>>> print(open('model28.txt').read())   # compact mmCIF, C-alpha atoms
# COMPACT_ATOMS: atom_id res chain seq x y z
CA MET A 60 -32.25 30.19 18.06
CA THR A 61 -31.10 26.88 16.63
CA ASP A 62 -31.28 28.28 13.14
CA TYR A 63 -27.50 28.23 12.51
CA THR A 64 -27.01 24.75 13.93
CA GLU A 65 -29.90 23.36 11.92
CA ARG A 66 -28.56 24.89 8.72
CA TYR A 67 -25.04 23.71 9.49
CA VAL A 68 -26.05 20.10 10.17
CA ALA A 69 -28.30 20.06 7.11
CA ALA A 70 -25.36 21.25 4.99
CA VAL A 71 -23.14 18.49 6.38
CA VAL A 72 -25.54 15.57 5.90
CA ARG A 73 -26.89 16.73 2.56
CA ARG A 74 -24.26 14.91 0.54
CA LEU A 75 -23.96 11.80 2.71
CA PRO A 76 -25.46 8.43 1.74
CA GLN A 77 -29.15 8.26 2.60
CA ASP A 78 -28.81 5.51 5.19
CA THR A 79 -26.26 7.38 7.33
CA GLN A 80 -27.88 10.83 7.17
CA GLU A 81 -30.20 10.47 10.16
CA ASP A 82 -27.49 8.88 12.30
CA VAL A 83 -24.96 11.63 11.58
CA ARG A 84 -27.61 14.32 12.00
CA THR A 85 -28.61 13.18 15.49
CA GLU A 86 -25.03 12.65 16.63
CA LEU A 87 -23.80 15.96 15.24
CA ASN A 88 -26.74 17.84 16.79
CA ALA A 89 -25.89 16.36 20.19
CA SER A 90 -22.17 17.10 19.82
CA ILE A 91 -22.82 20.72 18.85
CA ALA A 92 -25.37 21.15 21.65
CA ASP A 93 -22.88 19.71 24.18
CA ASP A 94 -20.20 22.11 22.99
CA ILE A 95 -22.58 25.09 23.16
CA ASP A 96 -23.64 24.12 26.70
CA ALA A 97 -20.01 23.89 27.80
CA ARG A 98 -19.30 27.40 26.47
CA MET A 99 -22.48 28.81 28.05
CA ASP A 100 -21.40 27.36 31.39
CA GLN A 101 -18.36 29.59 31.05
CA GLY A 102 -20.58 32.63 30.67
CA ALA A 103 -21.04 33.03 26.92
CA THR A 104 -24.47 33.87 25.48
CA HIS A 105 -26.15 31.22 23.37
CA GLU A 106 -25.63 33.19 20.15
CA ASP A 107 -21.93 33.71 20.76
CA ALA A 108 -21.40 30.11 21.84
CA GLU A 109 -23.19 28.75 18.77
CA ARG A 110 -21.22 31.02 16.48
CA ASP A 111 -17.92 30.01 18.07
CA VAL A 112 -18.70 26.31 17.92
CA LEU A 113 -19.73 26.36 14.26
CA THR A 114 -16.78 28.56 13.32
CA ALA A 115 -14.42 26.08 14.96
CA MET A 116 -16.07 23.16 13.12
CA GLY A 117 -15.35 24.92 9.84
CA ASP A 118 -16.72 24.48 6.33
CA PRO A 119 -19.59 21.93 6.43
CA ASP A 120 -18.59 20.56 3.03
CA ALA A 121 -15.12 19.71 4.37
CA LEU A 122 -16.68 17.97 7.39
CA SER A 123 -19.07 16.14 5.09
CA ALA A 124 -16.13 14.95 2.96
CA GLY A 125 -14.53 13.68 6.17
CA TYR A 126 -17.63 11.66 7.06
CA ALA A 127 -18.00 10.24 3.57
CA ASP A 128 -14.24 9.66 3.10
CA ARG A 129 -14.35 11.77 -0.05
CA PRO A 130 -11.10 13.27 -1.30
CA LEU A 131 -10.80 17.06 -1.22
CA HIS A 132 -8.70 17.14 -4.37
CA LEU A 133 -9.44 16.44 -8.02
CA ILE A 134 -6.54 14.09 -8.69
CA GLY A 135 -4.38 12.85 -5.84
CA PRO A 136 -0.78 11.62 -5.74
CA LYS A 137 -1.85 8.09 -6.71
CA TYR A 138 -2.98 9.15 -10.17
CA TYR A 139 -1.31 12.51 -10.73
CA LEU A 140 1.81 11.30 -12.57
CA THR A 141 -0.10 8.85 -14.78
CA TRP A 142 -2.60 11.60 -15.62
CA TRP A 143 0.10 14.13 -16.50
CA ARG A 144 2.17 11.71 -18.60
CA LEU A 145 -0.85 10.54 -20.58
CA LEU A 146 -2.07 14.09 -21.10
CA LYS A 147 1.28 15.25 -22.46
CA LEU A 148 1.53 12.25 -24.79
CA LEU A 149 -2.00 12.81 -26.13
CA TRP A 150 -1.31 16.49 -26.76
CA ILE A 151 1.97 15.74 -28.55
CA ILE A 152 0.36 13.17 -30.84
CA VAL A 153 -3.13 14.51 -31.45
CA LEU A 154 -2.53 18.27 -31.79
CA PRO A 155 -0.08 18.12 -34.75
CA CYS A 156 -2.40 15.61 -36.49
CA ALA A 157 -5.38 17.91 -35.96
CA MET A 158 -3.44 20.93 -37.21
CA GLY A 159 -2.22 19.18 -40.34
CA GLY A 160 -5.59 17.62 -41.08
CA VAL A 161 -7.53 20.85 -40.76
CA ALA A 162 -4.99 22.83 -42.78
CA LEU A 163 -5.07 20.27 -45.56
CA ALA A 164 -8.87 20.09 -45.59
CA GLN A 165 -9.11 23.89 -45.74
CA VAL A 166 -6.64 24.20 -48.60
CA LEU A 167 -8.32 21.39 -50.56
CA ALA A 168 -11.62 23.16 -50.05
CA GLY A 169 -10.09 26.26 -51.58
CA ALA A 170 -10.06 28.43 -48.46
CA GLY A 171 -7.88 31.54 -48.33
CA PRO A 172 -4.87 32.00 -46.03
CA GLY A 173 -6.75 33.95 -43.36
CA GLU A 174 -9.58 31.48 -43.13
CA THR A 175 -7.19 28.53 -43.08
CA ILE A 176 -5.07 29.99 -40.25
CA GLY A 177 -8.18 30.92 -38.30
CA GLN A 178 -9.62 27.42 -38.64
CA VAL A 179 -6.33 25.77 -37.67
CA ILE A 180 -6.01 27.94 -34.55
CA GLY A 181 -9.65 27.37 -33.62
CA VAL A 182 -9.61 23.61 -34.07
CA THR A 183 -6.22 23.22 -32.35
CA LEU A 184 -7.35 25.23 -29.33
CA GLY A 185 -10.56 23.22 -29.21
CA ALA A 186 -8.68 19.90 -29.41
CA PHE A 187 -6.26 21.09 -26.68
CA VAL A 188 -9.10 21.97 -24.32
CA HIS A 189 -11.15 18.86 -25.07
CA ILE A 190 -8.23 16.48 -24.58
CA GLY A 191 -7.33 18.19 -21.30
CA PHE A 192 -10.90 18.21 -20.04
CA TRP A 193 -11.97 14.66 -20.91
CA THR A 194 -8.73 13.04 -19.81
CA THR A 195 -9.04 14.86 -16.49
CA VAL A 196 -12.69 13.81 -16.12
CA VAL A 197 -11.70 10.15 -16.53
CA PHE A 198 -9.03 10.49 -13.83
CA VAL A 199 -11.34 12.38 -11.47
CA ILE A 200 -13.79 9.46 -11.73
CA LEU A 201 -10.95 6.98 -11.18
CA GLU A 202 -9.90 8.92 -8.08
CA ARG A 203 -13.45 8.64 -6.68
CA THR A 204 -14.25 5.06 -7.62
CA GLY A 205 -10.87 3.80 -6.46
CA ALA A 206 -10.28 1.71 -9.57
CA ASP A 207 -6.73 0.44 -9.57
CA THR A 208 -5.18 0.97 -12.96
CA VAL A 209 -1.88 2.50 -12.01
CA GLU A 210 1.06 0.44 -13.12
CA GLU A 211 3.63 -0.19 -10.43
CA TRP A 212 6.79 1.71 -11.28
CA THR A 213 9.91 -0.38 -11.76
CA PRO A 214 13.38 0.63 -12.94
CA ASP A 215 12.44 -0.88 -16.32
CA ASN A 216 10.21 2.15 -16.87
CA LEU A 217 13.22 4.49 -16.92
CA PRO A 218 13.60 6.25 -20.27
CA GLU A 219 16.30 4.77 -22.49
CA PRO A 220 19.28 7.10 -22.78
CA GLN A 221 20.90 5.42 -25.82
CA ASP A 222 20.20 6.54 -29.35
CA ASP A 223 18.37 3.55 -30.85
CA GLY A 224 15.81 5.63 -32.69
CA ALA A 225 13.21 4.64 -30.13
CA GLY A 226 13.38 7.69 -27.90
CA ARG A 227 10.86 10.38 -27.25
CA GLY A 228 13.33 12.92 -28.68
CA GLU A 229 13.38 11.15 -32.02
CA LEU A 230 9.58 10.89 -32.06
CA ILE A 231 9.27 14.63 -31.47
CA ALA A 232 11.95 15.38 -34.07
CA SER A 233 10.23 13.17 -36.66
CA LEU A 234 6.80 14.65 -36.03
CA ALA A 235 8.19 18.19 -36.02
CA LEU A 236 10.01 17.62 -39.30
CA LEU A 237 6.88 16.18 -40.94
CA GLY A 238 4.82 19.05 -39.50
CA VAL A 239 7.24 21.63 -40.91
CA GLY A 240 7.15 19.87 -44.28
CA ALA A 241 3.36 19.85 -44.34
CA ALA A 242 3.22 23.50 -43.20
CA ALA A 243 5.70 24.45 -45.94
CA LEU A 244 3.56 22.77 -48.60
CA ILE A 245 0.45 24.57 -47.39
CA ALA A 246 2.27 27.89 -47.03
CA ASP A 247 3.63 27.40 -50.55
CA ARG A 248 0.09 27.02 -51.85
CA LEU A 249 -1.25 29.95 -49.84
CA PHE A 250 1.49 32.58 -50.27
CA GLY A 251 4.36 30.99 -52.23
CA ILE A 252 7.35 30.41 -50.01
CA LEU A 253 9.97 32.03 -52.22
CA TRP A 254 10.33 35.81 -52.07
CA LEU A 255 12.02 36.93 -55.28
CA SER A 256 12.44 40.59 -56.34
CA GLY A 257 9.37 41.59 -54.40
CA ASP A 258 7.23 38.75 -55.75
CA ARG A 259 6.09 35.69 -53.85
CA MET A 260 6.61 32.55 -55.87
CA MET A 261 5.36 29.01 -55.45
CA VAL A 262 8.05 26.35 -55.57
CA MET A 263 5.73 23.44 -56.30
CA ASN A 264 3.88 23.26 -59.57
CA PRO A 265 0.33 24.54 -58.86
CA GLY A 266 -0.89 21.81 -61.20
CA LEU A 267 0.01 19.26 -58.53
CA TRP A 268 -2.82 20.57 -56.38
CA PRO A 269 -5.02 19.11 -55.14
CA TRP A 270 -4.54 15.39 -55.84
CA TRP A 271 -0.79 14.88 -56.10
CA ILE A 272 -0.25 17.00 -53.00
CA ALA A 273 -3.08 15.19 -51.20
CA GLY A 274 -1.22 11.95 -51.94
CA LEU A 275 1.89 13.52 -50.45
CA PHE A 276 -0.06 14.39 -47.31
CA VAL A 277 -1.22 10.80 -47.04
CA LEU A 278 2.44 9.74 -47.13
CA ILE A 279 3.29 12.35 -44.46
CA VAL A 280 0.52 11.08 -42.16
CA ALA A 281 1.61 7.48 -42.77
CA ASP A 282 5.18 8.38 -41.88
CA ALA A 283 3.99 10.13 -38.71
CA ALA A 284 2.13 6.94 -37.80
CA ARG A 285 5.34 5.01 -38.47
CA ALA A 286 7.31 7.34 -36.11
CA ILE A 287 4.68 6.88 -33.38
CA ALA A 288 4.76 3.10 -33.85
CA VAL A 289 8.57 3.10 -33.46
CA TYR A 290 8.14 5.09 -30.23
CA VAL A 291 5.36 2.89 -28.85
CA ARG A 292 7.18 -0.35 -29.69
CA ARG A 293 10.34 1.13 -28.14
CA GLY A 294 12.32 0.42 -31.31
CA TRP A 295 12.30 -0.56 -34.95
CA THR A 296 10.93 -3.94 -36.04
CA VAL A 297 11.32 -5.74 -39.34
CA GLY A 298 7.69 -4.97 -40.17
CA LEU A 299 8.18 -1.26 -39.52
CA ALA A 300 11.35 -1.23 -41.62
CA ALA A 301 9.43 -2.86 -44.50
CA PHE A 302 6.61 -0.34 -44.12
CA ASN A 303 9.14 2.50 -44.05
CA THR A 304 10.77 1.10 -47.22
CA ALA A 305 7.44 0.97 -49.04
CA LEU A 306 6.55 4.53 -47.97
CA THR A 307 9.92 5.91 -48.96
CA LEU A 308 9.93 4.11 -52.33
CA VAL A 309 6.44 5.31 -53.25
CA GLY A 310 7.27 8.88 -52.21
CA SER A 311 10.70 9.14 -53.79
CA VAL A 312 9.93 7.30 -57.04
CA THR A 313 6.81 9.42 -57.60
CA ALA A 314 8.78 12.58 -56.88
CA ILE A 315 11.61 11.60 -59.24
CA VAL A 316 9.20 10.68 -62.06
CA LEU A 317 7.41 14.02 -61.65
CA LEU A 318 10.75 15.86 -61.64
CA ALA A 319 11.89 13.98 -64.76
CA ARG A 320 8.70 14.98 -66.59
CA GLY A 321 9.24 18.59 -65.52
CA ALA A 322 5.93 18.55 -63.68
CA ALA A 323 7.14 19.04 -60.11
CA ILE A 324 8.56 22.56 -60.10
CA ASN A 325 6.45 25.64 -60.69
CA PRO A 326 6.98 26.57 -64.41
CA GLY A 327 6.62 30.24 -63.42
CA LEU A 328 9.66 29.86 -61.19
CA VAL A 329 11.75 28.36 -64.01
CA GLU A 330 10.68 31.18 -66.35
CA PHE A 331 11.65 33.69 -63.70
CA PHE A 332 15.16 32.21 -63.43
CA ILE A 333 15.56 32.27 -67.21
CA ARG A 334 14.38 35.91 -67.33
CA GLU A 335 16.97 36.70 -64.67
CA GLY A 336 19.70 35.35 -66.98
CA ALA A 337 19.94 31.66 -66.15
CA ASP A 338 20.59 29.11 -68.93
CA ASP A 339 17.57 27.71 -70.74
CA ASP A 340 18.12 24.26 -69.26
CA ILE A 341 17.92 25.57 -65.66
CA GLY A 342 14.67 23.66 -65.16
CA ALA A 343 16.27 20.33 -66.10
CA VAL A 344 19.35 21.06 -63.94
CA LEU A 345 17.22 21.92 -60.93
CA ALA A 346 15.12 18.78 -61.45
CA ALA A 347 18.22 16.59 -61.75
CA VAL A 348 19.80 18.00 -58.57
CA LEU A 349 16.59 17.55 -56.62
CA ALA A 350 16.06 14.03 -57.99
CA PHE A 351 19.55 12.97 -56.92
CA ALA A 352 19.08 14.53 -53.47
CA ILE A 353 15.74 12.73 -53.03
CA ALA A 354 17.22 9.43 -54.18
CA ALA A 355 20.16 9.77 -51.75
CA ILE A 356 17.91 10.66 -48.80
CA ALA A 357 15.57 7.77 -49.65
CA ILE A 358 18.43 5.25 -49.77
CA VAL A 359 19.84 6.43 -46.43
CA ASP A 360 16.35 6.41 -44.87
CA ILE A 361 15.61 2.85 -46.02
CA PHE A 362 19.05 1.65 -44.97
CA VAL A 363 18.85 3.23 -41.46
CA GLY A 364 15.42 1.67 -40.85
CA TRP A 365 16.64 -1.83 -41.72
CA ARG A 366 19.87 -1.47 -39.80
CA ARG A 367 18.04 -0.45 -36.63
CA ALA A 368 15.44 -3.19 -37.03
CA LEU A 369 18.12 -5.87 -37.51
CA VAL A 370 20.28 -4.59 -34.63
CA ALA A 371 17.22 -4.54 -32.37
CA ARG A 372 16.32 -8.10 -33.40
CA LYS A 373 19.84 -9.33 -32.75
CA ALA A 374 19.82 -7.69 -29.32
CA CYS A 375 16.72 -9.62 -28.22
CA MET B 74 3.81 39.23 11.14
CA THR B 75 6.38 39.12 13.93
CA GLU B 76 9.34 36.78 13.81
CA GLY B 77 7.78 34.54 16.44
CA GLU B 78 4.53 34.24 14.54
CA ALA B 79 6.33 33.44 11.32
CA GLN B 80 8.28 30.73 13.09
CA ALA B 81 5.14 29.29 14.68
CA GLU B 82 3.53 29.10 11.26
CA ALA B 83 6.56 27.46 9.71
CA TYR B 84 6.63 24.89 12.54
CA SER B 85 2.91 24.14 12.56
CA THR B 86 2.86 21.76 9.60
CA HIS B 87 5.82 19.82 11.01
CA LEU B 88 4.22 19.60 14.44
CA GLN B 89 0.98 18.43 12.83
CA GLU B 90 2.88 15.68 11.02
CA VAL B 91 4.24 14.40 14.33
CA ARG B 92 0.84 14.56 16.02
CA ARG B 93 -0.98 12.80 13.23
CA GLY B 94 -1.83 9.29 14.30
CA THR B 95 -1.53 9.95 18.01
CA VAL B 96 -5.26 10.81 18.16
CA VAL B 97 -6.21 7.33 16.90
CA LEU B 98 -4.05 5.72 19.57
CA ALA B 99 -5.46 7.98 22.31
CA CYS B 100 -9.07 7.32 21.20
CA LEU B 101 -8.60 3.56 21.23
CA TYR B 102 -7.24 3.71 24.79
CA LEU B 103 -9.75 6.25 26.13
CA LEU B 104 -12.71 4.38 24.60
CA ARG B 105 -12.02 1.21 26.61
CA ASP B 106 -14.67 2.93 28.73
CA ALA B 107 -17.52 3.86 26.40
CA GLY B 108 -17.64 7.53 25.46
CA TYR B 109 -19.51 9.93 23.16
CA GLY B 110 -18.30 12.58 20.72
CA TYR B 111 -18.05 15.80 22.72
CA GLY B 112 -17.14 13.97 25.97
CA LEU B 113 -14.24 12.29 24.18
CA LEU B 114 -13.14 15.60 22.66
CA GLU B 115 -12.90 17.10 26.15
CA ALA B 116 -11.15 14.03 27.52
CA LEU B 117 -8.58 14.18 24.71
CA GLN B 118 -7.92 17.86 25.32
CA ALA B 119 -7.67 17.28 29.09
CA ALA B 120 -5.18 14.48 28.41
CA GLY B 121 -3.06 16.85 26.32
CA PHE B 122 -4.03 15.83 22.78
CA GLN B 123 -4.87 18.88 20.69
CA THR B 124 -7.78 17.67 18.56
CA ASP B 125 -10.38 19.50 16.51
CA ALA B 126 -14.02 18.46 16.50
CA ASN B 127 -14.05 18.32 12.71
CA THR B 128 -11.28 15.71 12.62
CA LEU B 129 -12.42 13.69 15.63
CA TYR B 130 -16.07 13.09 14.67
CA PRO B 131 -15.40 11.69 11.18
CA LEU B 132 -12.47 9.71 12.63
CA LEU B 133 -14.79 7.94 15.11
CA ARG B 134 -17.09 6.90 12.28
CA ARG B 135 -14.15 5.69 10.20
CA LEU B 136 -12.77 3.57 13.05
CA GLU B 137 -16.25 2.17 13.64
CA LYS B 138 -16.59 1.26 9.96
CA GLN B 139 -13.18 -0.46 10.09
CA GLY B 140 -14.35 -2.52 13.08
CA TYR B 141 -12.01 -0.99 15.69
CA LEU B 142 -14.89 0.65 17.57
CA THR B 143 -18.42 -0.51 18.32
CA SER B 144 -21.26 1.92 18.92
CA ALA B 145 -24.62 2.03 20.64
CA TRP B 146 -27.21 4.79 21.00
CA ASN B 147 -28.13 5.88 24.51
CA THR B 148 -31.58 7.44 24.46
CA ASP B 149 -32.21 7.40 28.21
CA GLU B 150 -31.42 11.08 28.57
CA ALA B 151 -33.09 14.05 26.92
CA ARG B 152 -30.21 14.33 24.43
CA PRO B 153 -29.66 11.04 22.55
CA ARG B 154 -25.96 10.23 22.33
CA LYS B 155 -23.96 7.72 20.35
CA PHE B 156 -21.51 5.88 22.60
CA TYR B 157 -18.39 4.31 21.15
CA ARG B 158 -16.33 1.53 22.70
CA THR B 159 -13.05 -0.07 21.61
CA SER B 160 -13.60 -3.52 20.10
CA PRO B 161 -11.21 -6.46 20.65
CA GLU B 162 -9.79 -5.70 17.21
CA GLY B 163 -9.35 -2.10 18.31
CA GLU B 164 -7.43 -3.32 21.37
CA ARG B 165 -5.01 -5.19 19.13
CA LEU B 166 -4.58 -2.16 16.86
CA ALA B 167 -3.96 0.02 19.94
CA GLU B 168 -1.26 -2.35 21.14
CA ALA B 169 0.42 -2.39 17.73
CA LEU B 170 0.33 1.41 17.55
CA ALA B 171 1.64 1.77 21.10
CA ASP B 172 4.52 -0.62 20.34
CA GLU B 173 5.38 1.45 17.28
CA TRP B 174 5.23 4.63 19.34
CA HIS B 175 7.59 3.21 22.01
CA THR B 176 10.01 2.03 19.33
CA LEU B 177 10.00 5.50 17.82
CA THR B 178 10.49 7.10 21.24
CA ARG B 179 13.58 4.96 21.84
CA ALA B 180 14.88 5.76 18.35
CA ILE B 181 14.35 9.50 18.86
CA ASP B 182 16.06 9.31 22.26
CA GLY B 183 18.94 7.56 20.58
CA VAL B 184 19.53 10.15 17.88
CA THR B 185 19.05 13.17 20.18
CA ARG B 186 21.49 11.73 22.73
CA THR B 187 24.13 11.10 20.04
CA ALA B 188 23.58 14.59 18.65
CA ARG B 189 24.03 16.13 22.11
CA LYS B 190 27.18 14.09 22.77
CA ASP B 191 28.68 15.21 19.47
CA ARG B 192 28.04 18.83 20.28
CA SER B 193 29.65 18.74 23.75
>>> encode(input="model28.txt", output="structure tokens")
Amino acid sequence: MTDYTERYVAAVVRRLPQDTQEDVRTELNASIADDIDARMDQGATHEDAERDVLTAMGDPDALSAGYADRPLHLIGPKYYLTWWRLLKLLWIIVLPCAMGGVALAQVLAGAGPGETIGQVIGVTLGAFVHIGFWTTVVFVILERTGADTVEEWTPDNLPEPQDDGAGRGELIASLALLGVGAAALIADRLFGILWLSGDRMMVMNPGLWPWWIAGLFVLIVADAARAIAVYVRRGWTVGLAAFNTALTLVGSVTAIVLLARGAAINPGLVEFFIREGADDDIGAVLAAVLAFAIAAIAIVDIFVGWRRALVARKAC
Amino acid sequence: MTEGEAQAEAYSTHLQEVRRGTVVLACLYLLRDAGYGYGLLEALQAAGFQTDANTLYPLLRRLEKQGYLTSAWNTDEARPRKFYRTSPEGERLAEALADEWHTLTRAIDGVTRTARKDRS
């Protein structure tokens, strides 16, 4: 007869601390029995009364959570915004790095296009899921242990609207640009990014693979780190401007030297242009144009970094 | 769903918001005379407070843990019952809550009266 009540009470106390279990069990048994008696006094059978009482009490796990003061949500309003902001930031920073790293490793290992794309998709999906899962686990534990790590919001936390190179928009733009550059290099190796008269052509000299291009990837990763540092520090510093100068000089000088030696551009591409009727010195012309463009971009890049660092220092 | 039912459902969360907190106040006053779980549930319902067993029972334990109620087991009868009583701290909390309630009542009276005057 008391089968349902017994099972119900057992389900409620099961997840309570040991020392309160007996107390809650006895009290809840009495409360349920009182309620059943009251309904039987009004003419209900014991079975019906018991059913009605337990139905009204609802899910035993919910009642148990009430007794133990456990939250019935994974992440409550106290932590939700911190959790979501951190998760988005981690995804933005880690996923492009994982993509670029895996793609580079695959190409250096001599993998074909299909295998490389498959690996990149697999690893990126895995990183996405892992970051989401583990970050959430940490916050679920925080929610249940009541640790107080949430920073009080003040108006100082508002995002800066002015364009001082420190904004999230600039970070995303920088990382996207570097990502596109890295993807173009890899695509160039895998398929050749130029499509000329039905033939795919590499732009970069295949002889630059793997070590020269690996060096270029190191520079790309370093520049991505520089962009993240500018974002985290909320602006340029003199140290970051110096680092940026060193990176840009190494990258541009190396590129210009390689261009001057005629080692940067795919010789097959130059031959193709000559076959199509270009002058014999087309290779040198191309190299000169590219070298000047790279030098101009490098100078502007170095100059902008220093200007922002000095303006930021003056403002403090 | 009829229009009336839809309206009742739309109102229910708002009504619940208003009622939240009144149960604590009512318990603290009713438990000046010691009472046990189901007896208190009936007393609350008789007094006009719509309360569910599954919110009341954990609430009693919480208030006890916070020191606003004291408890003692009565094993004289066949069915052992846990009796709760409002502690001196609970009395002070009840007074503070009642003051807040009266302040709110006056405030609500104020805005509804102004609203009625504006309409007429």
>>> residues_around(input="model28.txt", residues="region 146-159 of chain A", least_positions_apart="2", cutoff="9 Å", atoms="all atoms listed in the file", output="list in words")
Thr141, Trp142, Trp143, Arg144, Val161, Ala162, Leu163, Ala164, Val179, Ile180, Val182, Thr183, Leu184, Ala186, Phe187, Ile190, Gly191, Thr194, Thr195, Ile231, Leu234, Ala235, Gly238, Ala241, Ala242, Phe276, Val280, Ala283 and Ile287 of chain A
>>> closest_residue(input="model28.txt", among="B:Arg192, B:Arg186, B:Lys155, B:Arg165", to="chain A", atoms="all atoms listed in the file")
B:Lys155
>>> interface_residues(input="model28.txt", of="chain A", to="chain B", cutoff="12 Å", atoms="all atoms listed in the file", output="VMD selection string")
chain A and resid 71 79 82 to 97 112 to 129
>>> write_last_selection(input="model28.txt", atoms="C-alpha atoms", output="CSV table (one decimal), keeping the file's coordinate frame")
chain,number,residue,atom,x,y,z
A,71,VAL,CA,-23.1,18.5,6.4
A,79,THR,CA,-26.3,7.4,7.3
A,82,ASP,CA,-27.5,8.9,12.3
A,83,VAL,CA,-25.0,11.6,11.6
A,84,ARG,CA,-27.6,14.3,12.0
A,85,THR,CA,-28.6,13.2,15.5
A,86,GLU,CA,-25.0,12.6,16.6
A,87,LEU,CA,-23.8,16.0,15.2
A,88,ASN,CA,-26.7,17.8,16.8
A,89,ALA,CA,-25.9,16.4,20.2
A,90,SER,CA,-22.2,17.1,19.8
A,91,ILE,CA,-22.8,20.7,18.8
A,92,ALA,CA,-25.4,21.2,21.6
A,93,ASP,CA,-22.9,19.7,24.2
A,94,ASP,CA,-20.2,22.1,23.0
A,95,ILE,CA,-22.6,25.1,23.2
A,96,ASP,CA,-23.6,24.1,26.7
A,97,ALA,CA,-20.0,23.9,27.8
A,112,VAL,CA,-18.7,26.3,17.9
A,113,LEU,CA,-19.7,26.4,14.3
A,114,THR,CA,-16.8,28.6,13.3
A,115,ALA,CA,-14.4,26.1,15.0
A,116,MET,CA,-16.1,23.2,13.1
A,117,GLY,CA,-15.4,24.9,9.8
A,118,ASP,CA,-16.7,24.5,6.3
A,119,PRO,CA,-19.6,21.9,6.4
A,120,ASP,CA,-18.6,20.6,3.0
A,121,ALA,CA,-15.1,19.7,4.4
A,122,LEU,CA,-16.7,18.0,7.4
A,123,SER,CA,-19.1,16.1,5.1
A,124,ALA,CA,-16.1,15.0,3.0
A,125,GLY,CA,-14.5,13.7,6.2
A,126,TYR,CA,-17.6,11.7,7.1
A,127,ALA,CA,-18.0,10.2,3.6
A,128,ASP,CA,-14.2,9.7,3.1
A,129,ARG,CA,-14.4,11.8,0.0
>>> atom_distance(input="model28.txt", atom1="CA of Phe362 (chain A)", atom2="CA of Thr313 (chain A)")
19.2 Å
>>> atom_distance(input="model28.txt", atom1="CA of Leu104 (chain B)", atom2="CA of Arg158 (chain B)")
5.0 Å
>>> closest_residue(input="model28.txt", among="B:Ile181, B:Ala151, B:Tyr157, B:Ala99", to="Ala120 (chain B)", atoms="all atoms listed in the file")
B:Ala99
>>> closest_residue(input="model28.txt", among="A:Asp282, A:Asp258, A:Glu109, A:Asp215", to="Ser233 (chain A)", atoms="only C-alpha atoms")
A:Asp282
>>> build_atoms(input="model28.txt", residues="region 159-170 of chain B", atoms="N, CA and C atoms", output="PDB file, keeping the file's coordinate frame")
ATOM      1  N   THR B 159     -14.092   0.633  22.355  1.00  0.00           N
ATOM      2  CA  THR B 159     -13.050  -0.070  21.610  1.00  0.00           C
ATOM      3  C   THR B 159     -13.377  -1.554  21.527  1.00  0.00           C
ATOM      4  N   SER B 160     -13.312  -2.097  20.305  1.00  0.00           N
ATOM      5  CA  SER B 160     -13.600  -3.520  20.100  1.00  0.00           C
ATOM      6  C   SER B 160     -12.324  -4.319  20.374  1.00  0.00           C
ATOM      7  N   PRO B 161     -12.430  -5.650  20.485  1.00  0.00           N
ATOM      8  CA  PRO B 161     -11.210  -6.460  20.650  1.00  0.00           C
ATOM      9  C   PRO B 161     -10.199  -6.205  19.534  1.00  0.00           C
ATOM     10  N   GLU B 162     -10.707  -6.037  18.311  1.00  0.00           N
ATOM     11  CA  GLU B 162      -9.790  -5.700  17.210  1.00  0.00           C
ATOM     12  C   GLU B 162      -9.106  -4.371  17.458  1.00  0.00           C
ATOM     13  N   GLY B 163      -9.889  -3.414  17.984  1.00  0.00           N
ATOM     14  CA  GLY B 163      -9.350  -2.100  18.310  1.00  0.00           C
ATOM     15  C   GLY B 163      -8.256  -2.195  19.371  1.00  0.00           C
ATOM     16  N   GLU B 164      -8.449  -3.101  20.334  1.00  0.00           N
ATOM     17  CA  GLU B 164      -7.430  -3.320  21.370  1.00  0.00           C
ATOM     18  C   GLU B 164      -6.112  -3.742  20.728  1.00  0.00           C
ATOM     19  N   ARG B 165      -6.236  -4.687  19.774  1.00  0.00           N
ATOM     20  CA  ARG B 165      -5.010  -5.190  19.130  1.00  0.00           C
ATOM     21  C   ARG B 165      -4.345  -4.081  18.330  1.00  0.00           C
ATOM     22  N   LEU B 166      -5.155  -3.283  17.622  1.00  0.00           N
ATOM     23  CA  LEU B 166      -4.580  -2.160  16.860  1.00  0.00           C
ATOM     24  C   LEU B 166      -3.887  -1.189  17.822  1.00  0.00           C
ATOM     25  N   ALA B 167      -4.540  -0.909  18.963  1.00  0.00           N
ATOM     26  CA  ALA B 167      -3.960   0.020  19.940  1.00  0.00           C
ATOM     27  C   ALA B 167      -2.613  -0.477  20.427  1.00  0.00           C
ATOM     28  N   GLU B 168      -2.533  -1.792  20.674  1.00  0.00           N
ATOM     29  CA  GLU B 168      -1.260  -2.350  21.140  1.00  0.00           C
ATOM     30  C   GLU B 168      -0.180  -2.201  20.084  1.00  0.00           C
ATOM     31  N   ALA B 169      -0.555  -2.507  18.826  1.00  0.00           N
ATOM     32  CA  ALA B 169       0.420  -2.390  17.730  1.00  0.00           C
ATOM     33  C   ALA B 169       0.902  -0.951  17.596  1.00  0.00           C
ATOM     34  N   LEU B 170      -0.047  -0.001  17.690  1.00  0.00           N
ATOM     35  CA  LEU B 170       0.330   1.410  17.550  1.00  0.00           C
ATOM     36  C   LEU B 170       1.205   1.849  18.717  1.00  0.00           C
TER      37      LEU B 170
END
